[in-house]
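Novice: Please read through the structure below; I'll follow up with questions.
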Amino acid sequence: MNIIISNSSGKPIYEQITAQIKAMVMNGTLSPGDPLPSMRLLAKELRISVITTKRAYEDLERDGFITTIVGKGSFVREADREFVKEEQLKAVEQHLQAAVDTARQYGMSVEELTEVLKMLYEEL
Amino acid sequence: MKYAIEVEGLTKHYKDFTLDNVSFRVPAGSIVGFIGENGAGKTTTIKAILDLIQRDAGTVRILERENGGRDKEVKEQIGVIFDECYFPDGLRVVDVNQMMRQIYRCWDSDKFFNYCKEFGLPEKKEVKEFSRGMKVKLSIGVALSHQARLIILDDACGALDPVVRNEILDIFMDFIQEEDHTVFLSSHITSDIEKICDYIMLIHQGKLLFFENKDALLYHYGIVRCTEEQYKALDPNLIVGMRRNRFEVEVLVNNRQVLEEHSHDYVIDPASVEEILLYVAKSSVTLR
C-alpha cells in the first residue's frame, strides 16, 4: 500500500490520504476486510501528526469506506456499490464541469464539446 | 478525554515580567508544540508546571494528579529535557546509569545503553567532553529510559543540527505509538513543530495567545498581500496581524477559505507556523 504525500500541492494532507485510500478501495487494490495501518503508525511513517491521520480516518469512516473497531484497528468496509458509483461520478463531473466552463468561456457549443469528448474517449 | 497536563489560571510575577493567567490542557497521546519569542514565558511556564518555581496563582494537574510536579510517583513518569545538560561534568555514561538506577524505580539500564549506542555516545568520555548535541542526546536517553508517559522538552533541540533533530523527531514518533504517551515541547524550530505536532500553543509577553489544532491553524490561516484600499475592505474579524511596506500590505488572516470564496482579487498564500509567530509577535493583536 502506497501513500504519497506532497507538501506543496496545496491540498490538505488529510485530504491527500483520504483520496488515495478511496482510490485504492475503488480500484480494488484494497479489498473489504483489509486492515489499514494504525493512525499512529501512519503518522510516524509519513512524519505527520496523529491529528492529521485521525482526521483522514474519521473522514473515511464517515464516507463509509472503512470501519474502526476500538482496540482492533481500522478495516476496509464492504463497499456500498451505489456509493462507490456515486463517488466515481462525482469525480468525473468535477472535471467535466471545468471543461464546460472553459468551453463556455470560448463560446463553444454543446455539440462541439461533445465531439471533442467523444474523440478523446475513443482515442484511448 | 484524558489530559496529560491541565493548567488553570497560572500566574507568576517577576519584577519585570508577568506570566499572566495562563490556562491550557494537553490531551494525553498528543504532541504539543509550545512556541514564542525568547522571554515570552515558555521556560517560566514549564518550570511552574514542574513546580521548580513557586507560582503566585493557578492550579496545575499532571497525569491527572494535582500538583504532579511535587508528587514522587508522578515524577517517575515524567521525562524532562532542558536546554542545558545538568549532569555533573565528571560522569561517564556508565556512571549516569548507575546514578539513575538509584533514582528511578523503573529505570531500564538495557534501554538506556541501547539509546546511548544508537545516539553514538562515547562510553569512555566524561560529560564535560561531550558536544552540545551529545549532551542533549544523553538527556533524552535518560528521559526515555524510566518508562515515562510524559516527555517535556524546554528548547532542547535548538542547538542541534537537522540530522540529529530528525532522529529525535523519529524517537518521539516512536514514543507516542503508545496511545497514552504525550510530548510537550517548546522550541524555536517551527518547521519541526509544523511536522509532528498535533496542537500548537503560542505565548507572547506572558500571555497565552492561542492553543490550536495544528491542521486547523495551517489550513485556515493565510497571508493576504494587497493594496491599502483592499486592506481597508477586509473583514476586521479575519485580521490577525499585519505588516506594511512601501508597496503592499501583508495581512495574516484566520480564515483564508472564506476570502478565497468571496473575493478572487486578493493574493492569498498559506501561512507557516513561523510566519504566524512573526506576525503575531510583531503586531501583538490577540487572536480571535
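In the C-alpha cells, each chain is lettered A, B, ... as it comes, each chain's residues begin at 1, and ligands are numbered from 1 in order of appearance.
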Residues of chain A near chain B: apply a cut-off of 7 Å, count only C-alpha atoms, and supply the list as a count of residues only.
Specialist: 10
Novice: Could you name the residues that touch segment 17-27 of chain A at 9 Å or less, counting only C-alpha atoms, but leaving out those on the same chain fewer than 5 positions away, as a PyMOL selection string?
Specialist: chain A and resi 1-5+12+32+53+56-57+59-60+65+76-77+79+84-85+88
Novice: For those residues, write N, CA and C atoms to a file as an mmCIF file, in the first residue's frame.
Specialist:
```cif
data_model
loop_
_atom_site.group_PDB
_atom_site.id
_atom_site.type_symbol
_atom_site.label_atom_id
_atom_site.label_comp_id
_atom_site.auth_asym_id
_atom_site.auth_seq_id
_atom_site.Cartn_x
_atom_site.Cartn_y
_atom_site.Cartn_z
ATOM 1 N N MET A 1 0.847 -1.190 0.000
ATOM 2 C CA MET A 1 0.000 0.000 0.000
ATOM 3 C C MET A 1 0.885 1.245 0.000
ATOM 4 N N ASN A 2 0.676 2.082 -1.009
ATOM 5 C CA ASN A 2 1.475 3.305 -1.108
ATOM 6 C C ASN A 2 0.627 4.525 -0.790
ATOM 7 N N ILE A 3 1.198 5.399 0.003
ATOM 8 C CA ILE A 3 0.554 6.696 0.195
ATOM 9 C C ILE A 3 1.625 7.745 -0.017
ATOM 10 N N ILE A 4 1.365 8.629 -0.944
ATOM 11 C CA ILE A 4 2.379 9.620 -1.295
ATOM 12 C C ILE A 4 1.853 11.012 -0.992
ATOM 13 N N ILE A 5 2.589 11.691 -0.116
ATOM 14 C CA ILE A 5 2.141 12.998 0.352
ATOM 15 C C ILE A 5 2.993 14.098 -0.260
ATOM 16 N N PRO A 12 -4.893 19.862 1.632
ATOM 17 C CA PRO A 12 -4.578 19.414 2.990
ATOM 18 C C PRO A 12 -4.125 17.956 3.003
ATOM 19 N N PRO A 32 -12.340 -5.460 0.797
ATOM 20 C CA PRO A 32 -13.081 -5.400 2.063
ATOM 21 C C PRO A 32 -12.439 -6.306 3.107
ATOM 22 N N THR A 53 -3.749 12.156 10.634
ATOM 23 C CA THR A 53 -4.177 10.824 10.212
ATOM 24 C C THR A 53 -5.536 10.491 10.830
ATOM 25 N N ALA A 56 -8.143 12.044 8.741
ATOM 26 C CA ALA A 56 -8.307 11.298 7.493
ATOM 27 C C ALA A 56 -9.158 10.050 7.728
ATOM 28 N N TYR A 57 -8.854 9.303 8.789
ATOM 29 C CA TYR A 57 -9.593 8.073 9.064
ATOM 30 C C TYR A 57 -11.041 8.374 9.443
ATOM 31 N N ASP A 59 -12.796 10.873 8.371
ATOM 32 C CA ASP A 59 -13.498 11.211 7.124
ATOM 33 C C ASP A 59 -13.813 9.950 6.323
ATOM 34 N N LEU A 60 -12.845 9.043 6.269
ATOM 35 C CA LEU A 60 -13.056 7.794 5.524
ATOM 36 C C LEU A 60 -14.180 6.982 6.149
ATOM 37 N N PHE A 65 -16.046 4.185 3.833
ATOM 38 C CA PHE A 65 -15.006 3.382 3.210
ATOM 39 C C PHE A 65 -14.316 2.437 4.190
ATOM 40 N N VAL A 76 -11.045 -1.990 5.860
ATOM 41 C CA VAL A 76 -11.801 -1.586 4.687
ATOM 42 C C VAL A 76 -13.185 -2.211 4.765
ATOM 43 N N ARG A 77 -14.188 -1.407 4.486
ATOM 44 C CA ARG A 77 -15.552 -1.912 4.588
ATOM 45 C C ARG A 77 -16.019 -2.522 3.282
ATOM 46 N N ALA A 79 -17.692 -2.518 0.289
ATOM 47 C CA ALA A 79 -18.041 -1.278 -0.398
ATOM 48 C C ALA A 79 -19.509 -1.262 -0.812
ATOM 49 N N VAL A 84 -19.994 3.862 -4.178
ATOM 50 C CA VAL A 84 -18.752 3.930 -4.958
ATOM 51 C C VAL A 84 -19.036 4.562 -6.316
ATOM 52 N N LYS A 85 -20.126 4.100 -6.929
ATOM 53 C CA LYS A 85 -20.531 4.630 -8.228
ATOM 54 C C LYS A 85 -20.708 6.151 -8.143
ATOM 55 N N GLN A 88 -17.472 7.944 -7.945
ATOM 56 C CA GLN A 88 -16.796 7.974 -9.245
ATOM 57 C C GLN A 88 -17.431 9.023 -10.135
#
```
Novice: DSSP says alpha helix (DSSP H) for which residues of segment 35-89 of chain A? Put them as a PyMOL selection string?
Specialist: chain A and resi 39-46+50-62+81-89
Novice: So that I can check the surroundings of segment 182-187 of chain B, please list as a list in words every protein, DNA and RNA residue that reaches within 7 Å of it, counting only C-alpha atoms and ignoring chain neighbours fewer than 4 positions away.
Specialist: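 What passes the distance filter is Ala4, Ala28, Gly29, Ser30, Ile31, Val32, Gly33, Phe34, Ile35, Lys42, Arg149, Leu150, Ile151, Ile152, Leu153, Asp154, Asp155, Gly158 and Ile176 of chain B.
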Novice: Run DSSP on the backbone and tell me which residues of chain A come out as strand (DSSP E or B); list them as a PDB file with all heavy atoms, in the first residue's frame.
Specialist:
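Wrote result31.pdb, looks like this:
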```
ATOM      1  N   PRO A  35      -6.901  -4.808   6.629  1.00  0.00           N
ATOM      2  CA  PRO A  35      -6.595  -3.877   7.722  1.00  0.00           C
ATOM      3  C   PRO A  35      -5.800  -2.669   7.207  1.00  0.00           C
ATOM      4  O   PRO A  35      -4.990  -2.806   6.303  1.00  0.00           O
ATOM      5  CB  PRO A  35      -5.725  -4.716   8.662  1.00  0.00           C
ATOM      6  CG  PRO A  35      -5.084  -5.732   7.782  1.00  0.00           C
ATOM      7  CD  PRO A  35      -6.029  -5.987   6.632  1.00  0.00           C
ATOM      8  N   ILE A  66     -14.251   2.848   5.438  1.00  0.00           N
ATOM      9  CA  ILE A  66     -13.589   1.999   6.422  1.00  0.00           C
ATOM     10  C   ILE A  66     -14.431   1.949   7.686  1.00  0.00           C
ATOM     11  O   ILE A  66     -15.350   2.737   7.868  1.00  0.00           O
ATOM     12  CB  ILE A  66     -12.178   2.517   6.793  1.00  0.00           C
ATOM     13  CG1 ILE A  66     -12.252   3.882   7.489  1.00  0.00           C
ATOM     14  CG2 ILE A  66     -11.288   2.615   5.570  1.00  0.00           C
ATOM     15  CD1 ILE A  66     -10.937   4.314   8.119  1.00  0.00           C
ATOM     16  N   THR A  67     -14.090   0.993   8.518  1.00  0.00           N
ATOM     17  CA  THR A  67     -14.742   0.939   9.805  1.00  0.00           C
ATOM     18  C   THR A  67     -13.663   0.765  10.859  1.00  0.00           C
ATOM     19  O   THR A  67     -12.659   0.096  10.630  1.00  0.00           O
ATOM     20  CB  THR A  67     -15.776  -0.207   9.849  1.00  0.00           C
ATOM     21  OG1 THR A  67     -16.166  -0.397  11.186  1.00  0.00           O
ATOM     22  CG2 THR A  67     -15.202  -1.491   9.316  1.00  0.00           C
ATOM     23  N   THR A  68     -13.838   1.413  11.990  1.00  0.00           N
ATOM     24  CA  THR A  68     -12.810   1.352  13.027  1.00  0.00           C
ATOM     25  C   THR A  68     -13.370   0.658  14.251  1.00  0.00           C
ATOM     26  O   THR A  68     -14.434   1.005  14.743  1.00  0.00           O
ATOM     27  CB  THR A  68     -12.343   2.778  13.400  1.00  0.00           C
ATOM     28  OG1 THR A  68     -11.817   3.387  12.232  1.00  0.00           O
ATOM     29  CG2 THR A  68     -11.259   2.736  14.459  1.00  0.00           C
ATOM     30  N   ILE A  69     -12.664  -0.375  14.679  1.00  0.00           N
ATOM     31  CA  ILE A  69     -13.094  -1.107  15.862  1.00  0.00           C
ATOM     32  C   ILE A  69     -12.098  -0.798  16.975  1.00  0.00           C
ATOM     33  O   ILE A  69     -10.897  -1.017  16.825  1.00  0.00           O
ATOM     34  CB  ILE A  69     -13.130  -2.622  15.587  1.00  0.00           C
ATOM     35  CG1 ILE A  69     -14.047  -2.908  14.389  1.00  0.00           C
ATOM     36  CG2 ILE A  69     -13.587  -3.379  16.829  1.00  0.00           C
ATOM     37  CD1 ILE A  69     -13.878  -4.278  13.797  1.00  0.00           C
ATOM     38  N   GLY A  73      -8.437  -1.785  15.431  1.00  0.00           N
ATOM     39  CA  GLY A  73      -7.894  -1.040  14.307  1.00  0.00           C
ATOM     40  C   GLY A  73      -8.951  -0.715  13.262  1.00  0.00           C
ATOM     41  O   GLY A  73     -10.143  -0.895  13.494  1.00  0.00           O
ATOM     42  N   SER A  74      -8.483  -0.263  12.111  1.00  0.00           N
ATOM     43  CA  SER A  74      -9.394   0.149  11.048  1.00  0.00           C
ATOM     44  C   SER A  74      -9.325  -0.831   9.890  1.00  0.00           C
ATOM     45  O   SER A  74      -8.262  -1.341   9.558  1.00  0.00           O
ATOM     46  CB  SER A  74      -9.016   1.546  10.561  1.00  0.00           C
ATOM     47  OG  SER A  74      -9.066   2.445  11.639  1.00  0.00           O
ATOM     48  N   PHE A  75     -10.490  -1.091   9.294  1.00  0.00           N
ATOM     49  CA  PHE A  75     -10.560  -2.060   8.211  1.00  0.00           C
ATOM     50  C   PHE A  75     -11.368  -1.506   7.047  1.00  0.00           C
ATOM     51  O   PHE A  75     -12.260  -0.681   7.242  1.00  0.00           O
ATOM     52  CB  PHE A  75     -11.217  -3.353   8.708  1.00  0.00           C
ATOM     53  CG  PHE A  75     -10.502  -3.963   9.874  1.00  0.00           C
ATOM     54  CD1 PHE A  75     -10.819  -3.584  11.163  1.00  0.00           C
ATOM     55  CD2 PHE A  75      -9.479  -4.877   9.672  1.00  0.00           C
ATOM     56  CE1 PHE A  75     -10.140  -4.125  12.252  1.00  0.00           C
ATOM     57  CE2 PHE A  75      -8.793  -5.423  10.745  1.00  0.00           C
ATOM     58  CZ  PHE A  75      -9.125  -5.042  12.049  1.00  0.00           C
ATOM     59  N   VAL A  76     -11.045  -1.990   5.860  1.00  0.00           N
ATOM     60  CA  VAL A  76     -11.801  -1.586   4.687  1.00  0.00           C
ATOM     61  C   VAL A  76     -13.185  -2.211   4.765  1.00  0.00           C
ATOM     62  O   VAL A  76     -13.328  -3.393   5.081  1.00  0.00           O
ATOM     63  CB  VAL A  76     -11.100  -2.059   3.391  1.00  0.00           C
ATOM     64  CG1 VAL A  76     -11.933  -1.698   2.177  1.00  0.00           C
ATOM     65  CG2 VAL A  76      -9.712  -1.448   3.300  1.00  0.00           C
TER      66      VAL A  76
END
```
Novice: Got a sec: who's within 10 Å of Glu87 of chain A, counting only C-alpha atoms, leaving out chain neighbours fewer than 4 positions off, as a list in words?
Specialist: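 Residues near the query, excluding close chain neighbours: Lys22, Ala23, Met26, Asp63, Arg81, Glu82, Phe83, Ala91, Val92 and Glu93 of chain A.
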Novice: Given the selection you just returned, output its residues as a file containing N, CA, C and O atoms, formatted as a PDB file, in the first residue's frame.
Specialist:
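File written: again02.pdb
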```
ATOM      1  N   LYS A  22      -9.318   6.082  -0.771  1.00  0.00           N
ATOM      2  CA  LYS A  22     -10.564   5.882  -1.527  1.00  0.00           C
ATOM      3  C   LYS A  22     -10.268   5.282  -2.897  1.00  0.00           C
ATOM      4  O   LYS A  22     -10.937   4.341  -3.328  1.00  0.00           O
ATOM      5  N   ALA A  23      -9.255   5.827  -3.560  1.00  0.00           N
ATOM      6  CA  ALA A  23      -8.902   5.327  -4.891  1.00  0.00           C
ATOM      7  C   ALA A  23      -8.518   3.854  -4.809  1.00  0.00           C
ATOM      8  O   ALA A  23      -8.931   3.047  -5.655  1.00  0.00           O
ATOM      9  N   MET A  26     -11.621   1.796  -4.440  1.00  0.00           N
ATOM     10  CA  MET A  26     -12.458   1.749  -5.639  1.00  0.00           C
ATOM     11  C   MET A  26     -11.821   0.933  -6.759  1.00  0.00           C
ATOM     12  O   MET A  26     -12.510   0.270  -7.510  1.00  0.00           O
ATOM     13  N   ASP A  63     -17.485   8.566   5.340  1.00  0.00           N
ATOM     14  CA  ASP A  63     -17.880   8.317   3.958  1.00  0.00           C
ATOM     15  C   ASP A  63     -18.107   6.838   3.675  1.00  0.00           C
ATOM     16  O   ASP A  63     -18.342   6.447   2.522  1.00  0.00           O
ATOM     17  N   ARG A  81     -21.949  -0.448  -3.338  1.00  0.00           N
ATOM     18  CA  ARG A  81     -21.754  -0.235  -4.777  1.00  0.00           C
ATOM     19  C   ARG A  81     -22.323   1.102  -5.254  1.00  0.00           C
ATOM     20  O   ARG A  81     -21.695   1.828  -6.015  1.00  0.00           O
ATOM     21  N   GLU A  82     -23.526   1.361  -4.776  1.00  0.00           N
ATOM     22  CA  GLU A  82     -24.169   2.632  -5.131  1.00  0.00           C
ATOM     23  C   GLU A  82     -23.258   3.798  -4.799  1.00  0.00           C
ATOM     24  O   GLU A  82     -23.051   4.712  -5.578  1.00  0.00           O
ATOM     25  N   PHE A  83     -22.711   3.675  -3.600  1.00  0.00           N
ATOM     26  CA  PHE A  83     -21.921   4.769  -3.079  1.00  0.00           C
ATOM     27  C   PHE A  83     -20.642   4.977  -3.888  1.00  0.00           C
ATOM     28  O   PHE A  83     -20.295   6.097  -4.257  1.00  0.00           O
ATOM     29  N   ALA A  91     -16.407  12.472  -9.241  1.00  0.00           N
ATOM     30  CA  ALA A  91     -15.059  12.816  -9.689  1.00  0.00           C
ATOM     31  C   ALA A  91     -15.076  13.226 -11.158  1.00  0.00           C
ATOM     32  O   ALA A  91     -14.467  14.214 -11.557  1.00  0.00           O
ATOM     33  N   VAL A  92     -15.816  12.428 -11.973  1.00  0.00           N
ATOM     34  CA  VAL A  92     -15.880  12.728 -13.399  1.00  0.00           C
ATOM     35  C   VAL A  92     -16.585  14.071 -13.623  1.00  0.00           C
ATOM     36  O   VAL A  92     -16.124  14.915 -14.398  1.00  0.00           O
ATOM     37  N   GLU A  93     -17.675  14.268 -12.907  1.00  0.00           N
ATOM     38  CA  GLU A  93     -18.438  15.514 -13.045  1.00  0.00           C
ATOM     39  C   GLU A  93     -17.585  16.741 -12.787  1.00  0.00           C
ATOM     40  O   GLU A  93     -17.665  17.733 -13.498  1.00  0.00           O
TER      41      GLU A  93
END
```
Novice: Give me, please, the distance in Å between atom CA of His262 of chain B and atom CA of Glu229 of chain B, quoted to one decimal.
Specialist: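 Computing the Euclidean distance for atom CA of His262 of chain B and atom CA of Glu229 of chain B yields 16.7 Å.
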